[in-house]
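Below is the file upload-v5.csv, which contains CSV, C-alpha atoms.
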```csv
chain,number,residue,atom,x,y,z
A,1,MET,CA,48.5,24.6,3.4
A,2,ASN,CA,46.7,27.7,2.1
A,3,PHE,CA,47.1,28.5,-1.5
A,4,THR,CA,44.8,31.5,-1.6
A,5,ALA,CA,47.5,33.4,-3.5
A,6,PHE,CA,46.7,31.2,-6.4
A,7,ASP,CA,43.0,32.0,-7.0
A,8,LYS,CA,41.6,31.4,-10.4
A,9,THR,CA,41.8,35.1,-11.4
A,10,LYS,CA,45.5,35.3,-10.6
A,11,LEU,CA,46.3,32.0,-12.4
A,12,ASP,CA,44.5,33.3,-15.5
A,13,ALA,CA,46.6,36.5,-15.3
A,14,TYR,CA,49.8,34.5,-14.9
A,15,ALA,CA,48.9,32.3,-17.9
A,16,LYS,CA,48.3,35.4,-20.1
A,17,GLN,CA,51.6,36.9,-18.9
A,18,ALA,CA,53.5,33.6,-19.6
A,19,LYS,CA,51.9,33.4,-23.1
A,20,ALA,CA,52.9,37.0,-23.9
A,21,GLU,CA,56.4,36.6,-22.7
A,22,TRP,CA,57.2,33.0,-23.8
A,23,GLY,CA,54.5,32.0,-26.2
A,24,ASN,CA,56.9,31.7,-29.1
A,25,THR,CA,59.4,29.5,-27.3
A,26,PRO,CA,59.7,25.7,-27.7
A,27,GLU,CA,59.3,25.3,-23.9
A,28,TYR,CA,56.0,27.1,-23.9
A,29,ARG,CA,54.7,25.0,-26.8
A,30,GLU,CA,55.9,21.8,-25.1
A,31,MET,CA,54.0,22.8,-22.0
A,32,GLN,CA,50.8,23.3,-24.0
A,33,GLU,CA,51.2,20.0,-25.7
A,34,LYS,CA,52.3,18.0,-22.7
A,35,HIS,CA,49.3,18.6,-20.5
A,36,PRO,CA,46.5,20.4,-22.5
A,37,ASP,CA,44.0,19.5,-19.7
A,38,ARG,CA,46.2,20.6,-16.8
A,39,VAL,CA,44.5,22.1,-13.8
A,40,PRO,CA,46.5,25.2,-12.9
A,41,GLU,CA,45.5,25.1,-9.3
A,42,GLN,CA,46.9,21.6,-8.9
A,43,LEU,CA,50.1,22.5,-10.6
A,44,ALA,CA,50.6,25.5,-8.3
A,45,ALA,CA,49.7,23.5,-5.2
A,46,ASP,CA,52.2,20.8,-6.2
A,47,ILE,CA,55.0,23.2,-6.7
A,48,MET,CA,54.3,25.0,-3.5
A,49,ARG,CA,54.4,21.7,-1.6
A,50,LEU,CA,58.0,21.3,-3.0
A,51,PHE,CA,58.8,24.7,-1.6
A,52,THR,CA,57.3,23.8,1.8
A,53,GLU,CA,59.8,20.9,1.8
A,54,PHE,CA,62.6,23.4,1.0
A,55,GLY,CA,61.4,25.5,3.9
A,56,SER,CA,62.0,22.6,6.3
A,57,MET,CA,65.6,22.4,5.1
A,58,ARG,CA,66.5,26.0,5.6
A,59,GLY,CA,68.8,25.1,8.4
A,60,GLU,CA,71.0,23.1,6.1
A,61,LYS,CA,73.6,24.3,3.7
A,62,PRO,CA,72.4,24.8,0.1
A,63,ASP,CA,75.0,22.2,-1.1
A,64,ALA,CA,73.9,19.5,1.4
A,65,PRO,CA,73.0,16.2,-0.3
A,66,GLN,CA,69.3,16.2,0.8
A,67,VAL,CA,68.9,19.8,-0.3
A,68,GLN,CA,70.4,19.0,-3.7
A,69,ARG,CA,68.0,16.0,-4.0
A,70,GLN,CA,65.1,18.4,-3.3
A,71,VAL,CA,66.5,20.7,-6.1
A,72,GLN,CA,66.5,17.7,-8.4
A,73,ARG,CA,62.9,16.9,-7.4
A,74,LEU,CA,61.8,20.4,-8.3
A,75,ARG,CA,63.6,20.3,-11.6
A,76,ASP,CA,62.1,16.9,-12.4
A,77,TYR,CA,58.6,18.0,-11.5
A,78,ILE,CA,58.9,21.0,-13.9
A,79,THR,CA,60.3,18.8,-16.6
A,80,GLU,CA,57.6,16.1,-16.1
A,81,ASN,CA,54.7,18.5,-15.8
A,82,CYS,CA,55.6,21.7,-17.7
A,83,TYR,CA,58.5,21.7,-20.1
A,84,THR,CA,62.1,20.4,-20.4
A,85,CYS,CA,63.8,22.4,-17.7
A,86,SER,CA,67.4,22.9,-18.9
A,87,VAL,CA,70.1,24.0,-16.6
A,88,GLN,CA,70.0,27.5,-18.1
A,89,ILE,CA,66.2,27.8,-17.6
A,90,PHE,CA,66.5,26.4,-14.1
A,91,ALA,CA,69.1,28.9,-13.2
A,92,TYR,CA,66.8,31.7,-14.5
A,93,LEU,CA,64.0,30.3,-12.4
A,94,GLY,CA,66.1,30.3,-9.3
A,95,GLN,CA,66.8,34.0,-9.9
A,96,TRP,CA,63.1,34.7,-10.6
A,97,TYR,CA,62.2,33.1,-7.3
A,98,ILE,CA,64.1,35.9,-5.4
A,99,SER,CA,63.1,38.8,-7.7
A,100,GLY,CA,60.6,40.0,-5.2
A,101,GLY,CA,56.9,40.5,-5.6
A,102,GLU,CA,54.3,37.7,-5.6
A,103,ILE,CA,56.5,34.9,-6.5
A,104,THR,CA,58.9,35.5,-3.6
A,105,GLU,CA,56.0,36.1,-1.3
A,106,ASN,CA,54.2,32.9,-2.3
A,107,ILE,CA,57.3,30.8,-1.9
A,108,ASP,CA,58.0,32.3,1.5
A,109,ARG,CA,54.4,31.8,2.5
A,110,ALA,CA,54.6,28.1,1.6
A,111,GLY,CA,58.0,27.4,3.2
A,112,GLY,CA,58.6,30.2,5.7
A,113,LYS,CA,60.5,33.4,5.5
A,114,GLY,CA,63.7,33.0,3.5
A,115,THR,CA,62.6,29.9,1.6
A,116,ALA,CA,62.8,31.6,-1.8
A,117,GLU,CA,66.3,32.8,-1.1
A,118,PHE,CA,67.4,29.4,0.2
A,119,ALA,CA,65.9,27.6,-2.8
A,120,ALA,CA,67.6,30.0,-5.2
A,121,LYS,CA,71.0,29.4,-3.5
A,122,ALA,CA,70.5,25.7,-3.7
A,123,ILE,CA,69.5,25.9,-7.4
A,124,CYS,CA,72.6,28.0,-8.1
A,125,VAL,CA,74.8,25.3,-6.5
A,126,PHE,CA,73.0,22.7,-8.6
A,127,CYS,CA,73.3,24.6,-11.8
A,128,ASN,CA,77.0,25.4,-11.3
A,129,LYS,CA,78.1,21.8,-10.9
```

Just dump the structure as structure tokens.
Amino acid sequence: MNFTAFDKTKLDAYAKQAKAEWGNTPEYREMQEKHPDRVPEQLAADIMRLFTEFGSMRGEKPDAPQVQRQVQRLRDYITENCYTCSVQIFAYLGQWYISGGEITENIDRAGGKGTAEFAAKAICVFCNK
């Protein structure tokens, strides 16, 4: 897999943007406390691997059991490595994944064209249960 979209310069810019937008939230503080020595490149690579797996499932329905297990794996990864990923936050993330720009491009690069949209639909199913 190629994660050139996550070069150090971009990861630093993403970190600054996240702090500016969410720096005063409990989730952001939790993320800072949970893994203060985190390697951003590893986190990005791990998450993109999860999207690569989503990409291999694009032929399935978003509510298929194996797809929903993958959704749970993504949520669990975020909770274990970043912050407690509530259903509300997870639903927001699903929408963010298809908002266009770099996030959508990176997900589709990892899993193939349409992966961001597929993952967002699967997350929507999960969050509406």

- prompt: Hey, what's within 9 Å of Gln70 of chain A if we count all atoms listed in the file and toss same-chain stuff fewer than 5 positions away? As a PyMOL selection string, please?
  reply: chain A and resi 50+53-54+65+75

- request: Record the distance separating atom CA of Ala44 of chain A and atom CA of Arg69 of chain A, expressed in Å with one decimal.
  value: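 Atom CA of Arg69 of chain A lies 20.3 Å from atom CA of Ala44 of chain A.
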
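Using all atoms listed in the file, the smallest distance between any of A:Val87, A:Met48, A:Ala13, A:Met31 and Asn106 of chain A comes from A:Met48.
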
Please identify all polymer residues within 12 Å of Gly111 of chain A, counting only C-alpha atoms, omitting same-chain residues fewer than 5 positions from it, and present them as an mmCIF file with C-alpha atoms, keeping the file's coordinate frame.
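And here is the file that came out, result_1.cif:
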```cif
data_model
loop_
_atom_site.group_PDB
_atom_site.id
_atom_site.type_symbol
_atom_site.label_atom_id
_atom_site.label_comp_id
_atom_site.auth_asym_id
_atom_site.auth_seq_id
_atom_site.Cartn_x
_atom_site.Cartn_y
_atom_site.Cartn_z
ATOM 1 C CA MET A 1 48.500 24.600 3.400
ATOM 2 C CA ASN A 2 46.700 27.700 2.100
ATOM 3 C CA PHE A 3 47.100 28.500 -1.500
ATOM 4 C CA ILE A 47 55.000 23.200 -6.700
ATOM 5 C CA MET A 48 54.300 25.000 -3.500
ATOM 6 C CA ARG A 49 54.400 21.700 -1.600
ATOM 7 C CA LEU A 50 58.000 21.300 -3.000
ATOM 8 C CA PHE A 51 58.800 24.700 -1.600
ATOM 9 C CA THR A 52 57.300 23.800 1.800
ATOM 10 C CA GLU A 53 59.800 20.900 1.800
ATOM 11 C CA PHE A 54 62.600 23.400 1.000
ATOM 12 C CA GLY A 55 61.400 25.500 3.900
ATOM 13 C CA SER A 56 62.000 22.600 6.300
ATOM 14 C CA MET A 57 65.600 22.400 5.100
ATOM 15 C CA ARG A 58 66.500 26.000 5.600
ATOM 16 C CA THR A 104 58.900 35.500 -3.600
ATOM 17 C CA GLU A 105 56.000 36.100 -1.300
ATOM 18 C CA ASN A 106 54.200 32.900 -2.300
ATOM 19 C CA ALA A 116 62.800 31.600 -1.800
ATOM 20 C CA GLU A 117 66.300 32.800 -1.100
ATOM 21 C CA PHE A 118 67.400 29.400 0.200
ATOM 22 C CA ALA A 119 65.900 27.600 -2.800
#
```

- request: Please measure the separation of atom CA of Gly101 of chain A and atom CA of Lys16 of chain A, giving the value in Å to one decimal.
  value: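 Between atom CA of Gly101 of chain A and atom CA of Lys16 of chain A the gap is 17.6 Å.
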